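Undergrad: File coords14.txt follows (compact mmCIF, C-alpha atoms):
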# COMPACT_ATOMS: atom_id res chain seq x y z
CA VAL A 255 9.64 -2.30 26.34
CA ALA A 256 6.38 -4.09 27.11
CA VAL A 257 6.08 -6.02 30.37
CA PRO A 258 3.22 -7.67 32.24
CA HIS A 259 1.46 -5.18 34.49
CA ALA A 260 2.63 -6.88 37.68
CA ASN A 261 6.30 -6.45 36.73
CA SER A 262 7.99 -3.25 37.87
CA PRO A 263 11.62 -3.37 36.75
CA GLU A 264 13.69 -0.21 37.07
CA LEU A 265 15.66 0.40 33.88
CA ASP A 266 17.54 3.59 33.08
CA ARG A 267 16.52 5.33 29.82
CA VAL A 268 13.92 2.65 29.03
CA HIS A 269 10.24 3.51 28.63
CA LEU A 270 8.14 0.65 29.99
CA HIS A 271 4.65 -0.22 28.77
CA ARG A 272 2.91 -2.24 31.48
CA ARG A 273 0.21 -4.39 29.90
CA ARG A 274 -2.59 -6.11 31.78
CA ASP A 275 -3.46 -8.12 28.66
CA LEU A 276 0.02 -9.32 27.68
CA VAL A 277 -0.34 -13.11 27.64
CA ALA A 278 1.98 -15.96 26.73
CA ALA A 279 0.46 -16.22 23.23
CA ASP A 280 1.61 -12.64 22.55
CA VAL A 281 5.28 -13.49 23.19
CA THR A 282 7.89 -15.20 21.04
CA ASP A 283 11.68 -14.88 20.92
CA ARG A 284 14.39 -13.65 18.57
CA ALA A 285 17.90 -14.95 19.23
CA GLY A 286 16.84 -15.84 22.76
CA ILE A 287 15.35 -12.40 23.48
CA PRO A 288 11.62 -12.41 24.35
CA VAL A 289 9.66 -10.14 22.00
CA THR A 290 6.02 -9.61 21.14
CA THR A 291 4.61 -11.49 18.17
CA VAL A 292 4.06 -9.74 14.84
CA VAL A 293 0.31 -9.66 15.49
CA ARG A 294 0.66 -8.10 18.92
CA THR A 295 3.31 -5.65 17.68
CA LEU A 296 1.02 -4.43 14.90
CA VAL A 297 -1.75 -3.80 17.43
CA ASP A 298 0.53 -2.02 19.90
CA THR A 299 2.29 0.26 17.41
CA THR A 300 -0.77 1.92 15.86
CA ARG A 301 -0.42 5.05 17.99
CA MET A 302 3.34 5.23 17.41
CA LEU A 303 3.32 5.12 13.59
CA ALA A 304 1.82 7.44 11.01
CA PRO A 305 -1.33 5.87 9.47
CA ASN A 306 0.25 5.19 6.06
CA LEU A 307 3.36 3.67 7.64
CA HIS A 308 1.24 1.44 9.85
CA ALA A 309 -0.78 0.31 6.82
CA LEU A 310 2.47 -0.52 4.99
CA CYS A 311 3.72 -2.59 7.93
CA LEU A 312 0.44 -4.49 8.27
CA ASP A 313 0.14 -5.19 4.54
CA GLU A 314 3.78 -6.28 4.26
CA ALA A 315 3.42 -8.63 7.24
CA VAL A 316 0.41 -10.30 5.62
CA ARG A 317 1.92 -10.28 2.11
CA THR A 318 5.11 -12.00 3.26
CA GLY A 319 3.32 -14.55 5.44
CA MET A 320 4.50 -13.22 8.80
CA CYS A 321 0.89 -13.25 10.00
CA THR A 322 -2.61 -13.69 8.63
CA ILE A 323 -5.61 -11.43 8.31
CA ALA A 324 -7.61 -13.87 10.42
CA ALA A 325 -5.07 -13.81 13.26
CA LEU A 326 -4.92 -10.00 13.20
CA ALA A 327 -8.69 -9.65 13.28
CA ALA A 328 -9.09 -12.21 16.06
CA ARG A 329 -6.47 -10.71 18.42
CA ALA A 330 -7.52 -7.13 17.72
CA THR A 331 -11.10 -8.06 18.56
CA GLU A 332 -9.96 -9.66 21.83
CA LEU A 333 -7.93 -6.57 22.78
CA ARG A 334 -10.66 -4.00 22.09
CA ARG A 335 -11.73 -1.94 25.04
CA PRO A 336 -12.93 1.65 25.67
CA GLY A 337 -10.16 4.21 25.37
CA ARG A 338 -7.83 1.98 23.38
CA SER A 339 -7.64 2.93 19.71
CA GLY A 340 -5.04 0.45 18.44
CA PRO A 341 -7.25 -2.63 18.02
CA ALA A 342 -9.97 -0.59 16.29
CA GLN A 343 -7.43 0.83 13.81
CA VAL A 344 -6.11 -2.64 13.03
CA LEU A 345 -9.65 -3.89 12.43
CA GLU A 346 -10.29 -0.95 10.10
CA LEU A 347 -7.15 -1.73 8.07
CA VAL A 348 -8.12 -5.39 7.91
CA GLY A 349 -11.62 -4.50 6.75
CA THR A 350 -10.42 -2.09 4.07
CA ARG A 351 -7.66 -4.30 2.64
CA PRO A 352 -8.09 -4.12 -1.15
CA ALA A 353 -9.53 -7.05 -3.03
CA GLY A 354 -6.71 -8.86 -4.80
CA ALA A 355 -4.06 -7.52 -2.42
CA ASP A 356 -2.45 -10.95 -2.11
CA ALA A 357 -1.56 -10.83 -5.82
CA MET A 358 0.08 -7.41 -5.64
CA ASP A 359 3.85 -7.10 -5.90
CA SER A 360 4.55 -4.90 -2.89
CA CYS A 361 3.08 -3.20 0.13
CA LEU A 362 3.46 0.07 -1.80
CA GLU A 363 1.04 -1.20 -4.46
CA ILE A 364 -1.40 -2.27 -1.75
CA LEU A 365 -1.21 1.17 -0.14
CA LEU A 366 -1.86 2.87 -3.48
CA ALA A 367 -4.84 0.56 -4.02
CA ARG A 368 -6.16 1.64 -0.61
CA HIS A 369 -5.94 5.28 -1.71
CA LEU A 370 -7.59 4.58 -5.09
CA GLY A 371 -10.59 2.91 -3.51
CA PRO A 372 -12.37 -0.32 -4.49
CA SER A 373 -11.60 -1.34 -8.07
CA ALA A 374 -15.24 -2.15 -8.79
CA THR A 375 -16.29 1.46 -8.20
CA ALA A 376 -13.08 3.35 -9.04
CA GLY A 377 -12.63 1.57 -12.37
CA TRP A 378 -9.00 0.50 -12.13
CA VAL A 379 -7.53 -2.86 -13.15
CA HIS A 380 -4.43 -4.29 -11.50
CA HIS A 381 -1.67 -5.68 -13.75
CA HIS A 382 -3.44 -4.78 -16.97
CA VAL A 383 -1.38 -5.92 -20.00
CA VAL A 384 -0.99 -3.75 -23.13
CA TYR A 385 0.41 -5.33 -26.31
CA VAL A 386 2.39 -3.24 -28.80
CA PRO A 387 1.10 -4.01 -32.32
CA GLY A 388 3.69 -5.30 -34.77
CA THR A 389 6.21 -6.13 -32.04
CA PRO A 390 6.69 -8.90 -29.46
CA ARG A 391 6.63 -6.30 -26.68
CA HIS A 392 3.93 -6.08 -24.07
CA TRP A 393 3.77 -4.06 -20.88
CA GLU A 394 2.13 -4.77 -17.56
CA ILE A 395 0.61 -1.72 -15.87
CA ASP A 396 0.40 -1.53 -12.08
CA PHE A 397 -3.00 0.17 -12.10
CA ALA A 398 -4.79 0.87 -15.37
CA PHE A 399 -7.95 2.76 -16.20
CA PRO A 400 -8.46 1.05 -19.57
CA ASP A 401 -11.49 3.06 -20.71
CA ALA A 402 -9.58 6.33 -20.30
CA ARG A 403 -6.17 4.87 -21.19
CA VAL A 404 -4.52 6.15 -18.03
CA SER A 405 -1.78 4.09 -16.40
CA VAL A 406 -0.62 4.58 -12.80
CA GLU A 407 2.73 3.20 -11.68
CA ALA A 408 3.93 2.77 -8.10
CA ASP A 409 7.69 3.32 -8.45
CA GLY A 410 9.52 1.76 -5.53
CA ALA A 411 13.26 1.47 -4.95
CA GLN A 412 13.73 -0.96 -7.87
CA HIS A 413 13.15 1.91 -10.32
CA GLY A 414 16.38 3.67 -9.38
CA GLY A 415 18.81 1.60 -11.47
CA PHE A 416 20.04 2.44 -14.96
CA GLY A 417 18.73 -0.75 -16.53
CA GLN A 418 15.27 -0.26 -15.07
CA ALA A 419 15.30 3.39 -16.16
CA CYS A 420 15.98 2.31 -19.77
CA ARG A 421 13.19 -0.24 -19.60
CA ASP A 422 10.81 2.35 -18.14
CA GLY A 423 11.73 4.78 -20.93
CA ARG A 424 10.91 2.28 -23.68
CA ARG A 425 7.70 1.32 -21.92
CA ASP A 426 6.64 4.95 -21.53
CA ALA A 427 7.35 5.68 -25.20
CA ASP A 428 5.34 2.66 -26.37
CA LEU A 429 2.36 3.50 -24.19
CA ALA A 430 2.42 7.16 -25.21
CA LEU A 431 2.30 6.19 -28.91
CA LEU A 432 -0.71 4.02 -28.12
CA GLY A 433 -2.50 7.00 -26.57
CA TRP A 434 -1.94 6.26 -22.90
CA THR A 435 -1.38 8.99 -20.32
CA GLN A 436 0.98 7.85 -17.58
CA VAL A 437 1.11 8.88 -13.95
CA ARG A 438 4.22 7.78 -12.08
CA CYS A 439 4.11 7.94 -8.29
CA THR A 440 7.12 7.60 -6.00
CA TRP A 441 7.31 5.96 -2.60
CA ALA A 442 7.46 9.36 -0.91
CA GLU A 443 4.43 10.65 -2.80
CA ILE A 444 2.25 7.61 -2.09
CA THR A 445 3.17 7.46 1.59
CA ARG A 446 3.36 11.18 2.39
CA GLN A 447 1.25 12.98 -0.22
CA PRO A 448 -1.59 10.66 -1.26
CA ASP A 449 -3.94 13.61 -1.90
CA LEU A 450 -1.45 14.99 -4.45
CA VAL A 451 -1.26 11.59 -6.14
CA LEU A 452 -5.05 11.33 -6.38
CA ARG A 453 -5.33 14.85 -7.81
CA ARG A 454 -2.79 14.00 -10.53
CA ILE A 455 -4.70 10.84 -11.41
CA ARG A 456 -8.03 12.69 -11.54
CA ARG A 457 -6.50 15.36 -13.80
CA ALA A 458 -5.12 12.69 -16.12
CA LEU A 459 -8.48 10.93 -16.29
CA GLY A 460 -10.29 14.20 -16.97
CA ALA A 461 -7.82 15.30 -19.66
CA GLN A 462 -8.05 11.97 -21.49
CA ARG A 463 -11.85 11.96 -21.47
CA ASP A 464 -12.05 15.62 -22.55
CA GLY A 465 -9.59 14.97 -25.37
CA ARG A 466 -11.58 12.02 -26.66
CA ALA A 467 -14.81 14.03 -26.51
CA ARG A 468 -13.23 16.86 -28.53
CA LEU A 469 -11.81 14.40 -31.05
CA GLY A 470 -15.19 12.70 -31.44
CA ALA A 471 -16.88 16.04 -32.13
CA HIS A 472 -14.59 16.63 -35.14
CA VAL A 473 -14.71 13.19 -36.71
CA ALA A 474 -17.32 12.72 -39.39
CA PRO A 475 -19.70 9.80 -38.82
Show the structure stored in the file as structure tokens.
TA:
Amino acid sequence: VAVPHANSPELDRVHLHRRRDLVAADVTDRAGIPVTTVVRTLVDTTRMLAPNLHALCLDEAVRTGMCTIAALAARATELRRPGRSGPAQVLELVGTRPAGADAMDSCLEILLARHLGPSATAGWVHHHVVYVPGTPRHWEIDFAFPDARVSVEADGAQHGGFGQACRDGRRDADLALLGWTQVRCTWAEITRQPDLVLRRIRRALGAQRDGRARLGAHVAP
């Protein structure tokens, strides 16, 4: 529980955070209970949450309109002081938010984009569409490397149902016939094992490029 520094309530089994910089603008209410605003909460919880989880919370808050990037940057800048890491971490997340994040479908996609790096240098395209020749079907890829024909999917909770599994199966079969290599990444992998995810993507990119080079060497001009 956060309280102004001058307050000294005695509460059993409650850990109090006494803040010298807790001002009226940092406080709102939920069902009549005073709570810190979303912006202030995101600043204060940086040291309590794992980095990926904190990035997910920040990106989801911005994506759903609970706060803005400008408000986060402004309050974090005001709260910066020596020995306090939270505001600096918020400013880093704000500064590294992927281009096009507002058009992404979920905070999981935004987190994966953070791990992939800037699209301009990493070479990925968000929501790339592949059309299946001779059919009305077309598939939208979360993150595509079109030159290498590698697709990367961020599979959140919506991929657990039977209907979605059938749709994913048809999609995967179509893309495979068109020469695409697919990398599917789960919530747990993206949030807890991003290095593993990036290694799988790099292997897929390398295998596709090597395969094309070998094919080209055996095709007569």
Undergrad: For the point (-1.7, -5.3, 29.6) in file coordinates, what residues are within 12 Å, counting only C-alpha atoms? Give the answer as number ranges by chain?
TA: A: 256-261, 270-278, 280, 294, 298, 333-335, 338
Undergrad: Could you please determine the separation between CA of Ile455 (chain A) and CA of Ile364 (chain A) in Å, to one decimal place?
TA: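 We find that CA of Ile455 (chain A) and CA of Ile364 (chain A) lie 16.6 Å from each other.
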Undergrad: One number please: CA of Asn306 (chain A) to CA of Ile444 (chain A), in Å, one decimal.
TA: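 Interatomic distance, CA of Asn306 (chain A) to CA of Ile444 (chain A): 8.7 Å.
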Undergrad: Between A:Leu307, A:Leu429, A:Leu370, A:Cys420, which is the closest to Ala442 (chain A) once you count all atoms listed in the file?
TA: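 Among the listed residues, the smallest separation from Ala442 (chain A) belongs to A:Leu307.
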Undergrad: With distances taken over all atoms listed in the file, which of A:His380, A:Arg425, A:Arg368, A:His308 is nearest to His392 (chain A)?
TA: A:Arg425
Undergrad: I'd like the neighbourhood of Leu347 (chain A) as a CSV table (one decimal) with C-alpha atoms, in the coordinates of the input, where a residue qualifies if any of its atoms comes within 12 Å (using all atoms listed in the file), though same-chain residues fewer than 6 positions away should be ignored.
TA:
chain,number,residue,atom,x,y,z
A,296,LEU,CA,1.0,-4.4,14.9
A,297,VAL,CA,-1.8,-3.8,17.4
A,300,THR,CA,-0.8,1.9,15.9
A,305,PRO,CA,-1.3,5.9,9.5
A,306,ASN,CA,0.2,5.2,6.1
A,307,LEU,CA,3.4,3.7,7.6
A,308,HIS,CA,1.2,1.4,9.8
A,309,ALA,CA,-0.8,0.3,6.8
A,310,LEU,CA,2.5,-0.5,5.0
A,311,CYS,CA,3.7,-2.6,7.9
A,312,LEU,CA,0.4,-4.5,8.3
A,313,ASP,CA,0.1,-5.2,4.5
A,316,VAL,CA,0.4,-10.3,5.6
A,323,ILE,CA,-5.6,-11.4,8.3
A,326,LEU,CA,-4.9,-10.0,13.2
A,327,ALA,CA,-8.7,-9.6,13.3
A,330,ALA,CA,-7.5,-7.1,17.7
A,340,GLY,CA,-5.0,0.4,18.4
A,341,PRO,CA,-7.2,-2.6,18.0
A,364,ILE,CA,-1.4,-2.3,-1.8
A,365,LEU,CA,-1.2,1.2,-0.1
A,368,ARG,CA,-6.2,1.6,-0.6
Undergrad: Considering all atoms listed in the file, state which residue in the set A:Arg457, A:Arg391, A:Arg329, A:Arg424 is at the smallest distance from Thr295 (chain A).
TA: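 When distances to Thr295 (chain A) are compared using all atoms listed in the file, the smallest one comes from A:Arg329.
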Undergrad: Which residue, A:Ser373, A:Gln418, A:Thr290, A:Thr282, has the smallest gap to Phe399 (chain A) when you use only C-alpha atoms?
TA: A:Ser373
Undergrad: Rounded to one decimal in Å, what is the spacing between CA of Met358 (chain A) and CA of Leu432 (chain A)?
TA: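 Between CA of Met358 (chain A) and CA of Leu432 (chain A) the gap is 25.2 Å.
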Undergrad: With all atoms listed in the file as the basis for distance, which of A:Ala342, A:Ala408, A:Leu265, A:Val386 is at the shortest distance from Asp359 (chain A)?
TA: A:Ala408
Undergrad: Around the point (-2.7, 14.7, -10.8) in the file's coordinates, collect all residues with an atom within 12 Å, using all atoms listed in the file, and return them as a list of chain:residue names.
TA: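 Answer for this query, in the requested form: A:Val404, A:Val406, A:Thr435, A:Gln436, A:Val437, A:Arg438, A:Cys439, A:Glu443, A:Gln447, A:Pro448, A:Asp449, A:Leu450, A:Val451, A:Leu452, A:Arg453, A:Arg454, A:Ile455, A:Arg456, A:Arg457, A:Ala458, A:Leu459, A:Gly460, A:Ala461.
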Undergrad: Between A:Thr318, A:Gln462, A:Ser339, A:Ser360, which has the minimum distance to Ser405 (chain A) (counting all atoms listed in the file)?
TA: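 Looking at the shortest contact to Ser405 (chain A), the residue is A:Gln462.
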